[in-house]
Each structure stands twice: as structure tokens, then as C-alpha cells.
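The structure file work_13.tsv is reproduced below (TSV, C-alpha atoms).
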chain	number	residue	atom	x	y	z
A	57	MET	CA	152.96	155.77	103.11
A	58	SER	CA	155.87	156.11	105.40
A	59	LEU	CA	155.78	156.07	109.19
A	60	LEU	CA	156.67	159.75	109.34
A	61	ALA	CA	153.73	160.67	107.15
A	62	ARG	CA	151.32	158.68	109.33
A	63	THR	CA	152.38	160.46	112.52
A	64	ARG	CA	151.90	163.84	110.91
A	65	THR	CA	148.39	163.08	109.86
A	66	ARG	CA	147.35	161.52	113.15
A	67	ARG	CA	145.99	164.15	115.46
A	68	THR	CA	146.52	164.02	119.18
A	69	ALA	CA	143.49	164.34	121.43
A	70	GLU	CA	143.33	167.67	123.22
A	71	VAL	CA	143.02	167.55	126.99
A	72	GLY	CA	140.50	169.99	128.39
A	73	LEU	CA	138.28	170.62	131.34
A	74	HIS	CA	134.55	170.82	130.79
A	75	ILE	CA	133.22	173.32	133.26
A	76	ALA	CA	129.47	173.11	132.65
A	77	PRO	CA	128.95	169.97	134.82
A	78	LEU	CA	131.05	171.53	137.59
A	79	ILE	CA	128.84	174.61	137.64
A	80	ASP	CA	125.79	172.36	138.00
A	81	VAL	CA	127.36	170.57	140.96
A	82	VAL	CA	128.27	173.87	142.62
A	83	PHE	CA	124.71	175.16	142.32
A	84	LEU	CA	123.32	171.90	143.73
A	85	LEU	CA	125.66	172.17	146.72
A	86	LEU	CA	124.69	175.81	147.20
A	87	MET	CA	121.00	174.91	147.23
A	88	TYR	CA	121.63	172.05	149.67
A	89	PHE	CA	123.51	174.26	152.17
A	90	MET	CA	120.93	177.04	151.92
A	91	VAL	CA	118.13	174.62	152.77
A	92	ALA	CA	120.06	172.77	155.48
A	93	THR	CA	121.51	175.83	157.28
A	94	ASP	CA	119.85	177.29	160.37
A	95	PHE	CA	120.03	181.08	160.18
A	96	SER	CA	118.93	181.76	163.76
A	97	PRO	CA	121.33	183.81	165.90
A	98	ALA	CA	123.78	181.77	167.94
A	99	GLU	CA	123.98	184.23	170.84
A	100	GLU	CA	121.35	184.77	173.46
A	101	VAL	CA	120.87	187.44	176.10
A	102	PHE	CA	120.81	186.31	179.71
A	103	ARG	CA	119.71	188.48	182.59
A	104	LEU	CA	122.27	188.73	185.33
A	105	GLU	CA	121.35	190.17	188.68
A	106	LEU	CA	124.40	191.48	190.52
A	107	PRO	CA	124.35	192.53	194.13
A	108	PRO	CA	124.46	196.29	194.69
A	109	ALA	CA	127.94	197.78	195.08
A	110	ALA	CA	128.99	198.70	198.58
A	111	ALA	CA	129.50	202.37	199.30
A	112	GLY	CA	132.97	203.61	198.48
A	113	ILE	CA	134.05	200.49	196.58
A	114	ALA	CA	134.65	200.78	192.86
A	115	ASP	CA	133.26	198.30	190.39
A	116	PRO	CA	135.60	195.29	190.48
A	117	LEU	CA	135.02	194.66	186.77
A	118	ASP	CA	136.35	198.07	185.71
A	119	ILE	CA	139.90	198.29	184.43
A	120	LEU	CA	141.58	201.34	185.87
A	121	ASP	CA	142.30	204.33	183.62
A	122	GLU	CA	144.57	206.36	185.89
A	123	PRO	CA	148.30	205.67	185.75
A	124	LEU	CA	149.72	203.73	188.65
A	125	ARG	CA	152.20	205.87	190.57
A	126	VAL	CA	154.95	204.13	192.52
A	127	HIS	CA	156.49	206.41	195.16
A	128	LEU	CA	160.01	205.73	196.40
A	129	ALA	CA	161.16	207.34	199.65
A	130	ALA	CA	164.64	207.28	201.15
A	131	ALA	CA	165.70	206.70	204.73
A	132	GLY	CA	167.87	209.62	205.73
A	133	SER	CA	170.66	211.00	203.59
A	134	SER	CA	172.22	207.58	202.84
A	135	GLY	CA	169.83	206.94	199.96
A	136	THR	CA	168.70	203.51	201.14
A	137	LEU	CA	165.18	202.61	200.16
A	138	ALA	CA	162.87	203.02	203.14
A	139	ARG	CA	159.45	202.85	201.54
A	140	LEU	CA	157.80	201.89	198.25
A	141	THR	CA	154.12	202.87	198.13
A	142	LEU	CA	151.41	202.90	195.46
A	143	ASP	CA	148.73	205.50	194.85
A	144	GLY	CA	145.18	204.30	194.81
A	145	PRO	CA	143.17	201.80	196.82
A	146	TRP	CA	146.19	199.54	197.42
A	147	PRO	CA	147.92	200.23	200.70
A	148	ILE	CA	151.02	198.40	199.53
A	149	THR	CA	154.32	199.20	201.13
A	150	GLY	CA	157.21	197.01	200.21
A	151	SER	CA	160.22	196.27	198.08
A	152	PRO	CA	160.70	196.05	194.30
A	153	ASP	CA	160.15	192.29	194.58
A	154	GLY	CA	156.80	192.91	196.29
A	155	LEU	CA	155.88	195.33	193.50
A	156	ARG	CA	156.75	192.70	190.88
A	157	ASP	CA	154.59	190.09	192.66
A	158	PHE	CA	151.68	192.55	192.90
A	159	LEU	CA	151.90	193.52	189.22
A	160	GLU	CA	152.22	189.90	188.04
A	161	ALA	CA	149.05	189.04	189.96
A	162	SER	CA	147.22	192.16	188.69
A	163	ILE	CA	147.92	192.09	184.95
A	164	THR	CA	145.18	190.55	182.81
A	165	PRO	CA	144.22	187.78	182.29
A	166	GLN	CA	145.36	186.59	185.74
A	167	GLY	CA	144.15	189.41	187.95
A	168	SER	CA	142.31	191.75	185.55
A	169	LEU	CA	143.27	195.00	187.31
A	170	PHE	CA	145.71	196.25	184.69
A	171	LEU	CA	146.49	195.65	181.05
A	172	PRO	CA	150.16	195.06	180.23
A	173	ASP	CA	150.37	198.52	178.62
A	174	HIS	CA	148.80	200.33	181.61
A	175	PRO	CA	150.96	203.38	182.41
A	176	ILE	CA	153.16	203.01	185.49
A	177	ILE	CA	155.04	206.08	186.72
A	178	ILE	CA	157.91	205.69	189.16
A	179	VAL	CA	158.20	208.80	191.36
A	180	PRO	CA	161.40	208.87	193.46
A	181	THR	CA	162.26	211.50	196.03
A	182	GLY	CA	165.51	213.36	195.57
A	183	GLN	CA	167.43	211.31	198.13
A	184	VAL	CA	166.69	207.81	196.75
A	185	ALA	CA	169.73	206.07	195.29
A	186	TRP	CA	169.58	205.53	191.54
A	187	SER	CA	170.07	201.78	191.99
A	188	HIS	CA	166.73	201.54	193.87
A	189	VAL	CA	164.95	203.40	191.07
A	190	VAL	CA	166.45	201.04	188.48
A	191	ASP	CA	165.54	198.00	190.61
A	192	THR	CA	161.93	199.22	190.79
A	193	PHE	CA	161.86	199.86	187.03
A	194	ASN	CA	163.27	196.38	186.34
A	195	ALA	CA	160.72	194.79	188.69
A	196	ALA	CA	157.83	196.43	186.77
A	197	VAL	CA	159.27	195.34	183.42
A	198	ALA	CA	159.89	191.80	184.72
A	199	ALA	CA	156.21	191.63	185.74
A	200	GLY	CA	155.21	192.15	182.10
A	201	CYS	CA	154.46	195.88	182.09
A	202	THR	CA	155.30	197.62	178.82
A	203	ASN	CA	154.56	201.29	179.66
A	204	VAL	CA	156.87	202.17	182.56
A	205	THR	CA	158.24	205.72	182.90
A	206	LEU	CA	160.16	207.76	185.44
A	207	GLU	CA	159.11	211.11	186.83
A	208	THR	CA	161.64	213.80	187.69
A	209	PRO	CA	162.65	213.44	191.35
A	210	SER	CA	161.13	216.03	193.64
Since I need it in another form, could you write the structure as C-alpha cells?
Amino acid sequence: MSLLARTRTRRTAEVGLHIAPLIDVVFLLLMYFMVATDFSPAEEVFRLELPPAAAGIADPLDILDEPLRVHLAAAGSSGTLARLTLDGPWPITGSPDGLRDFLEASITPQGSLFLPDHPIIIVPTGQVAWSHVVDTFNAAVAAGCTNVTLETPS
């Protein structure tokens, strides 16, 4: 018998994966984890007694829903910025840089007064120079606000 004939008759062993023992191991692991796992809830309820709110003061944990209006007023007919004020409980009068500092400190998670997409409306009077309106807009955007709009000058 020639060498070629011997190789044709010799069969190669087939490689395969026997899955039955793997299924047994998986079921044993499943049983182990079911017995060893604690199914009690991980969260608990704690009572928290807060002091009563003072009259006229809003809840400090509430995030405001109303848009923040920034009013720009001019000094005389020259169009120079005389006053930047905010509606609401903040008696802030200042410059665009002061507005940026206030908004940076008030956006969550640092100050938790506003979310970054809280609406901010810039309301200029008719005599304010356009450069002051743009500076105020840029200050709000630089603080991280994403929902800043302009209102038609009055």
C-alpha cells in the first residue's frame, strides 16, 4: 500500500465543543448566586426635619421656572451702559462681567439656582448701544448658559 493510499484512509479527528457539561456548570453557578444573593432593598428612608421657611422666602431647594430677565438701561442719549439689573429676588446691578460671575456661581452643580438651559432674556431699552447688548449676551454664554435670547428693545 502506498503512502498516498494510507493518508486517504486515515481519518482526521473532528474538533468539537461539547456543550452539555457547560450547561451543568452554568446551572450550578446560577444556583450558587441565587442562594448567596441578598435580595433586600439597598435604599432606606430617613426622616429629615427641616426648619420652617421664613415668611416671604422661597424654598432654597427649588430650581426657578421663570426666565431670568436682564434689563439694560442707557445713560442719556449717548448709549453708554448705565445699569444692568435682574428681575427677581436678586437686587444685582452691575456690568456684564458681574452678570457672568453671578451666572457662573448660580448654574448647577455649583450654585443650584439655574440649570445651564434655563431661559435668560436680555431686555435692552431703545437707547442702549448694540455693543453693550452683545457684551451682555457674550457674558451669559461665557458663564455656560445655553438658552439666551434677546427681546425687542422698548
>> Could you check which residues have any atom within 12 Å of (163.1, 214.2, 183.6), counting only C-alpha atoms with coordinates taken straight from the file, and then list them as a VMD selection string?
In response: chain A and resid 177 to 180 205 to 210
> Which neighbours of range 171-175 of chain A fall inside 7 Å, counting all atoms listed in the file, when residues of the same chain fewer than 5 positions from it are skipped, and could you give them as a list in words?
Replying inline: Pro123, Leu124, Ile163, Thr164, Gly200, Cys201, Thr202, Asn203 and Val204 of chain A
With C-alpha atoms kept, could you save the residues just selected as a PDB file, in the coordinates of the input?
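Saved file part.pdb follows:
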ATOM      1  CA  PRO A 123     148.300 205.670 185.750  1.00  0.00           C
ATOM      2  CA  LEU A 124     149.720 203.730 188.650  1.00  0.00           C
ATOM      3  CA  ILE A 163     147.920 192.090 184.950  1.00  0.00           C
ATOM      4  CA  THR A 164     145.180 190.550 182.810  1.00  0.00           C
ATOM      5  CA  GLY A 200     155.210 192.150 182.100  1.00  0.00           C
ATOM      6  CA  CYS A 201     154.460 195.880 182.090  1.00  0.00           C
ATOM      7  CA  THR A 202     155.300 197.620 178.820  1.00  0.00           C
ATOM      8  CA  ASN A 203     154.560 201.290 179.660  1.00  0.00           C
ATOM      9  CA  VAL A 204     156.870 202.170 182.560  1.00  0.00           C
TER      10      VAL A 204
END
>> Around the point (158.2, 207.3, 200.0) (coordinates from the file), which residues reach within 6 Å if we count only C-alpha atoms? Answer as a ChimeraX atom specification.
In response: /A:127-129,139-140
Please produce an output containing C-alpha atoms for each residue in the selection, written as a CSV table (one decimal), in the coordinates of the input.
chain,number,residue,atom,x,y,z
A,127,HIS,CA,156.5,206.4,195.2
A,128,LEU,CA,160.0,205.7,196.4
A,129,ALA,CA,161.2,207.3,199.6
A,139,ARG,CA,159.4,202.8,201.5
A,140,LEU,CA,157.8,201.9,198.2
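Between CA of Ala198 in chain A and CA of Phe170 in chain A there is a distance of 14.9 Å.
Nearest-residue note for Val126 in chain A: choosing from A:Leu104, A:Ala185, A:Leu155, A:Val71, the minimum distance belongs to A:Leu155, counting all atoms listed in the file.
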>> Between CA of Leu159 in chain A and CA of Thr141 in chain A, what distance in Å does the model show, to one decimal?
In response: 13.1 Å
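The gap separating CA of Ser151 in chain A from CA of Ala131 in chain A is 13.5 Å, in Å to one decimal.
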> Closest to Leu169 in chain A among A:Met90, A:Glu122, A:Leu78, A:Thr181, using all atoms listed in the file?
Replying inline: A:Glu122
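Nearest residue to Gln183 in chain A, choosing from A:Leu86, A:Ala161, A:Ala130, A:Val197 and counting all atoms listed in the file: A:Ala130.
Shortest separation to Ile176 in chain A among A:Leu142, A:Ala92, A:Ile75, A:Val190 occurs at residue A:Leu142, atoms counted being all atoms listed in the file.
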